[in-house]
Amino acid sequence: FSVTLPSVLHIDNQSAIQVAKHPEHHRHMRHFITNAKMPADLLTKALLQVKVQDFCHLLGLAPSGGS
């Protein structure tokens with residue numbers, strides 16, 4: 001897989017800006033996605049082996065083959 005050009009991101013951060021301006025909304029914004037669907041947790045949390053394997057698969061990571 002080679003990347004020849006930068007990726008273009010189309011982002012509308014108006015929701016994030018409004019939450020930042022109105023802290024009373026923070027408690028409503030905390031848990032939109034469950035941990036079961038957060039492959040980035042692989043890099044930030046201690047996980048069960050089955051979760052590590054699932055997230056590696058979702059991220060396209062393969063075992064190194066070493067011991």
# chains A, B, ... in the order shown; residues from 1 in each chain; ligands from 1

$ residues_around --residues "range 34-50 of chain A" --least-positions-apart "5" --cutoff "12 Å" --atoms "only C-alpha atoms" --output "JSON, numbers by chain"
{"A": [55, 56, 57, 58, 59, 60, 61]}

$ atom_distance --atom1 "CA of Val3 in chain A" --atom2 "CA of Ala62 in chain A"
19.0 Å

$ atom_distance --atom1 "CA of Asp54 in chain A" --atom2 "CA of Ser7 in chain A"
25.6 Å
